[in-house]
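Student: I'm passing along entry_9.tsv; it holds TSV, C-alpha atoms.
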chain	number	residue	atom	x	y	z
A	62	MET	CA	-46.94	-28.80	227.28
A	63	GLN	CA	-46.12	-32.28	228.58
A	64	LYS	CA	-44.10	-34.56	226.32
A	65	TYR	CA	-44.60	-38.31	226.05
A	66	VAL	CA	-42.70	-41.29	224.68
A	67	LEU	CA	-45.06	-44.14	223.79
A	68	LEU	CA	-42.58	-46.95	224.23
A	69	ASP	CA	-42.43	-50.57	223.21
A	70	ILE	CA	-39.74	-52.77	224.75
A	71	ASP	CA	-39.20	-55.80	222.47
A	72	GLY	CA	-37.51	-54.61	219.29
A	73	VAL	CA	-36.80	-51.19	220.82
A	74	MET	CA	-35.04	-51.59	224.18
A	75	VAL	CA	-34.40	-55.31	223.75
A	76	PRO	CA	-33.44	-56.11	220.15
A	77	ALA	CA	-34.82	-59.41	218.89
A	78	SER	CA	-32.40	-62.23	218.27
A	79	GLY	CA	-34.13	-65.59	218.02
A	80	TRP	CA	-30.86	-67.48	218.28
A	81	LYS	CA	-29.82	-65.94	221.59
A	82	PRO	CA	-31.77	-65.96	224.87
A	83	VAL	CA	-32.63	-62.57	226.36
A	84	GLU	CA	-30.31	-61.62	229.19
A	85	LEU	CA	-32.04	-60.82	232.47
A	86	HIS	CA	-31.26	-57.90	234.76
A	87	PRO	CA	-30.78	-58.81	238.46
A	88	ASP	CA	-34.32	-57.45	239.06
A	89	GLY	CA	-35.72	-60.26	236.90
A	90	PHE	CA	-36.80	-58.18	233.90
A	91	TYR	CA	-34.93	-58.04	230.60
A	92	MET	CA	-31.59	-56.32	230.38
A	93	PHE	CA	-31.91	-53.33	228.05
A	94	ASN	CA	-29.49	-53.06	225.15
A	95	ARG	CA	-26.73	-50.61	226.18
A	96	LEU	CA	-27.09	-48.36	223.14
A	97	ALA	CA	-30.89	-48.33	223.39
A	98	GLN	CA	-30.66	-47.52	227.10
A	99	LYS	CA	-28.20	-44.69	226.48
A	100	ASN	CA	-30.41	-43.27	223.74
A	101	LEU	CA	-33.64	-43.47	225.72
A	102	GLY	CA	-31.88	-41.87	228.69
A	103	ARG	CA	-30.76	-39.02	226.44
A	104	ILE	CA	-34.27	-38.55	225.05
A	105	LEU	CA	-35.80	-38.45	228.53
A	106	MET	CA	-33.15	-36.14	230.00
A	107	GLU	CA	-33.19	-33.66	227.10
A	108	THR	CA	-36.97	-33.46	226.79
A	109	GLY	CA	-38.33	-34.21	230.26
A	110	ALA	CA	-40.75	-36.63	228.60
A	111	SER	CA	-42.81	-39.18	230.48
A	112	VAL	CA	-42.91	-42.80	229.34
A	113	ILE	CA	-46.17	-44.49	228.39
A	114	LEU	CA	-45.50	-48.21	228.02
A	115	THR	CA	-47.30	-49.78	225.08
A	116	THR	CA	-45.36	-53.05	225.31
A	117	THR	CA	-47.13	-56.36	225.75
A	118	HIS	CA	-45.06	-56.68	228.95
A	119	ARG	CA	-46.94	-53.75	230.50
A	120	GLY	CA	-49.22	-55.98	232.59
A	121	ARG	CA	-46.26	-57.68	234.19
A	122	TYR	CA	-45.77	-54.98	236.84
A	123	LYS	CA	-47.67	-52.17	238.55
A	124	ASN	CA	-46.61	-48.58	237.82
A	125	ASP	CA	-44.47	-48.24	240.95
A	126	GLU	CA	-42.66	-51.44	239.98
A	127	TRP	CA	-42.12	-50.18	236.42
A	128	ARG	CA	-40.72	-46.93	237.83
A	129	GLU	CA	-38.27	-49.00	239.86
A	130	VAL	CA	-37.29	-51.07	236.80
A	131	PHE	CA	-36.52	-47.83	234.94
A	132	ARG	CA	-34.79	-46.20	237.93
A	133	ARG	CA	-32.40	-49.15	238.18
A	134	ARG	CA	-31.49	-48.80	234.53
A	135	PHE	CA	-31.29	-45.01	234.29
A	136	GLN	CA	-30.20	-43.89	237.77
A	137	PHE	CA	-32.72	-41.05	237.67
A	138	ALA	CA	-36.44	-40.84	238.24
A	139	VAL	CA	-38.52	-41.67	235.19
A	140	ASN	CA	-42.24	-40.99	235.10
A	141	VAL	CA	-43.60	-44.31	233.78
A	142	GLN	CA	-47.18	-45.43	233.26
A	143	THR	CA	-48.75	-48.12	231.14
A	144	ILE	CA	-51.08	-47.17	228.34
A	145	ASP	CA	-53.86	-49.01	230.18
A	146	ASP	CA	-53.66	-46.47	233.01
A	147	VAL	CA	-54.11	-43.42	230.81
A	148	TYR	CA	-56.43	-44.80	228.15
A	149	PRO	CA	-60.01	-45.55	229.17
A	150	LYS	CA	-61.43	-48.76	227.73
A	151	VAL	CA	-63.56	-47.02	225.11
A	152	ILE	CA	-63.50	-46.90	221.35
A	153	ALA	CA	-61.14	-44.42	219.79
A	154	ARG	CA	-62.54	-41.50	217.84
A	155	LYS	CA	-63.36	-42.56	214.30
A	156	SER	CA	-61.23	-39.71	212.95
A	157	PHE	CA	-58.14	-41.74	213.84
A	158	ILE	CA	-59.27	-44.89	212.02
A	159	PRO	CA	-57.70	-44.74	208.55
A	160	GLN	CA	-60.50	-46.35	206.55
A	161	PRO	CA	-63.92	-47.20	207.99
A	162	GLY	CA	-64.37	-50.90	208.50
A	163	THR	CA	-60.72	-51.83	208.07
A	164	VAL	CA	-59.72	-51.77	211.73
A	165	THR	CA	-61.91	-52.81	214.63
A	166	CYS	CA	-60.87	-51.57	218.05
A	167	ILE	CA	-63.97	-52.65	219.94
A	168	ASP	CA	-66.37	-55.55	219.99
A	169	SER	CA	-69.69	-53.72	219.93
A	170	GLY	CA	-71.44	-56.63	221.65
A	171	SER	CA	-69.16	-56.90	224.67
A	172	LYS	CA	-67.70	-53.37	224.77
A	173	LYS	CA	-64.25	-54.87	225.27
A	174	ARG	CA	-61.52	-53.38	223.14
A	175	GLU	CA	-59.13	-55.56	221.25
A	176	HIS	CA	-55.58	-55.54	222.47
A	177	SER	CA	-53.46	-54.48	219.55
A	178	ARG	CA	-50.73	-51.88	219.46
A	179	PHE	CA	-52.61	-49.98	216.78
A	180	CYS	CA	-55.81	-49.81	218.86
A	181	ASP	CA	-53.92	-48.87	222.02
A	182	VAL	CA	-52.09	-46.02	220.29
A	183	VAL	CA	-55.21	-44.79	218.48
A	184	GLY	CA	-57.13	-44.78	221.76
A	185	TRP	CA	-54.40	-42.86	223.56
A	186	LEU	CA	-54.28	-40.32	220.74
A	187	ALA	CA	-58.04	-39.84	220.89
A	188	MET	CA	-57.68	-38.82	224.53
A	189	TYR	CA	-54.28	-37.10	224.63
A	190	GLY	CA	-53.21	-36.39	221.04
A	191	GLU	CA	-52.90	-32.65	221.59
A	192	ASN	CA	-49.75	-33.28	223.64
A	193	ARG	CA	-46.29	-33.58	222.19
A	194	TYR	CA	-45.49	-37.23	221.74
A	195	VAL	CA	-43.35	-39.70	219.86
A	196	ILE	CA	-44.10	-43.36	219.29
A	197	ILE	CA	-41.02	-45.60	219.43
A	198	ASP	CA	-42.01	-49.05	218.28
A	199	ASP	CA	-41.19	-51.82	215.81
A	200	ASP	CA	-44.81	-53.05	215.48
A	201	THR	CA	-45.84	-53.06	211.82
A	202	SER	CA	-49.54	-52.70	212.71
A	203	LEU	CA	-48.72	-49.01	213.17
A	204	ASP	CA	-48.26	-48.73	209.41
A	205	ALA	CA	-52.06	-48.26	209.36
A	206	LEU	CA	-51.85	-45.02	211.37
A	207	PRO	CA	-53.00	-41.84	209.62
A	208	ALA	CA	-50.15	-39.93	207.97
A	209	ALA	CA	-50.21	-37.07	210.51
A	210	VAL	CA	-49.74	-39.55	213.35
A	211	LYS	CA	-47.39	-41.84	211.47
A	212	ARG	CA	-44.86	-39.03	211.07
A	213	ARG	CA	-44.50	-39.06	214.89
A	214	TRP	CA	-43.63	-42.76	214.82
A	215	VAL	CA	-40.01	-43.82	215.03
A	216	LYS	CA	-40.08	-47.33	213.59
A	217	THR	CA	-37.16	-49.30	214.91
A	218	SER	CA	-35.66	-52.38	213.32
A	219	PRO	CA	-36.46	-55.31	215.66
A	220	ALA	CA	-32.92	-56.65	215.39
A	221	ILE	CA	-31.30	-53.26	216.08
A	222	GLY	CA	-33.57	-51.39	218.48
A	223	LEU	CA	-33.25	-47.75	219.52
A	224	ASN	CA	-30.04	-46.75	217.75
A	225	ASP	CA	-28.54	-43.26	217.40
A	226	GLU	CA	-30.46	-42.45	214.22
A	227	ALA	CA	-33.80	-43.41	215.79
A	228	ALA	CA	-32.97	-41.38	218.92
A	229	GLU	CA	-32.18	-38.28	216.84
A	230	LYS	CA	-35.48	-38.62	215.02
A	231	ALA	CA	-37.35	-38.99	218.33
A	232	LEU	CA	-35.65	-35.86	219.72
A	233	THR	CA	-36.54	-33.89	216.60
A	234	ILE	CA	-40.18	-34.94	216.88
A	235	LEU	CA	-40.44	-34.13	220.60
A	236	ASN	CA	-38.74	-30.75	220.18
A	237	GLU	CA	-40.91	-29.54	217.27
A	238	PHE	CA	-42.77	-26.26	217.64
Using structure tokens, write down the structure from this file.
Tutor:
Amino acid sequence: MQKYVLLDIDGVMVPASGWKPVELHPDGFYMFNRLAQKNLGRILMETGASVILTTTHRGRYKNDEWREVFRRRFQFAVNVQTIDDVYPKVIARKSFIPQPGTVTCIDSGSKKREHSRFCDVVGWLAMYGENRYVIIDDDTSLDALPAAVKRRWVKTSPAIGLNDEAAEKALTILNEF
């Protein structure tokens, strides 16, 4: 069964520090934190997982460009897609919405889904949730996920990012069963 890492970048690969500008890689995108990069590389190498980008930066590049961004940082091929490529623009199954009426993931008049991390993840799960996956993200909107899904979420501290403890938890989740 395929394994997936639903990955945010800000607060995961690039820890937030409002007092310091983000360093850029020579390719023009953010430089990943060394520890976060080492830990993500370990997760990908040990599990063979593919990356599904959930970051708000996902529209910045096409998939082949994202693959190149990751190849430059990891020196090995990484299967990278954005969540928009694998999640059709339809409402998520209601079974994933924690309490009816509390979260809206679609405007019923226009049929356009809202862009929120919660809605993106819920939509992906509605389509692909039977796969092994881990969500690595600092977005607090994911606190509204159902308990069964939330246990597959590695919530990083925005100022720290993907540290050793978070990486171990992600590996445990991906290697279950």
Student: Determine, counting all atoms listed in the file, which protein, DNA and RNA residues have an atom within 9 Å of an atom of Thr201 in chain A; residues of the same chain fewer than 4 positions away are not included. Present the result as a short mmCIF file (atom, residue, chain, number, x, y, z; two decimals) with C-alpha atoms, in the coordinates of the input.
Tutor:
data_model
loop_
_atom_site.label_atom_id
_atom_site.label_comp_id
_atom_site.auth_asym_id
_atom_site.auth_seq_id
_atom_site.Cartn_x
_atom_site.Cartn_y
_atom_site.Cartn_z
CA PHE A 179 -52.61 -49.98 216.78
CA ALA A 205 -52.06 -48.26 209.36
CA LYS A 216 -40.08 -47.33 213.59
#
Student: Please measure the separation of CA of Asn124 in chain A and CA of Gly190 in chain A, giving the value in Å to one decimal.
Tutor: 21.8 Å
Student: Mind checking which residues fall within 8 Å of Ile144 in chain A, counting all atoms listed in the file, ignoring those fewer than 4 positions away in the same chain, and posting them as a list in words?
Tutor: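 So, after excluding close chain neighbours, the residues are Ile113, Leu114, Thr115, Tyr148, Asp181 and Trp185 of chain A.
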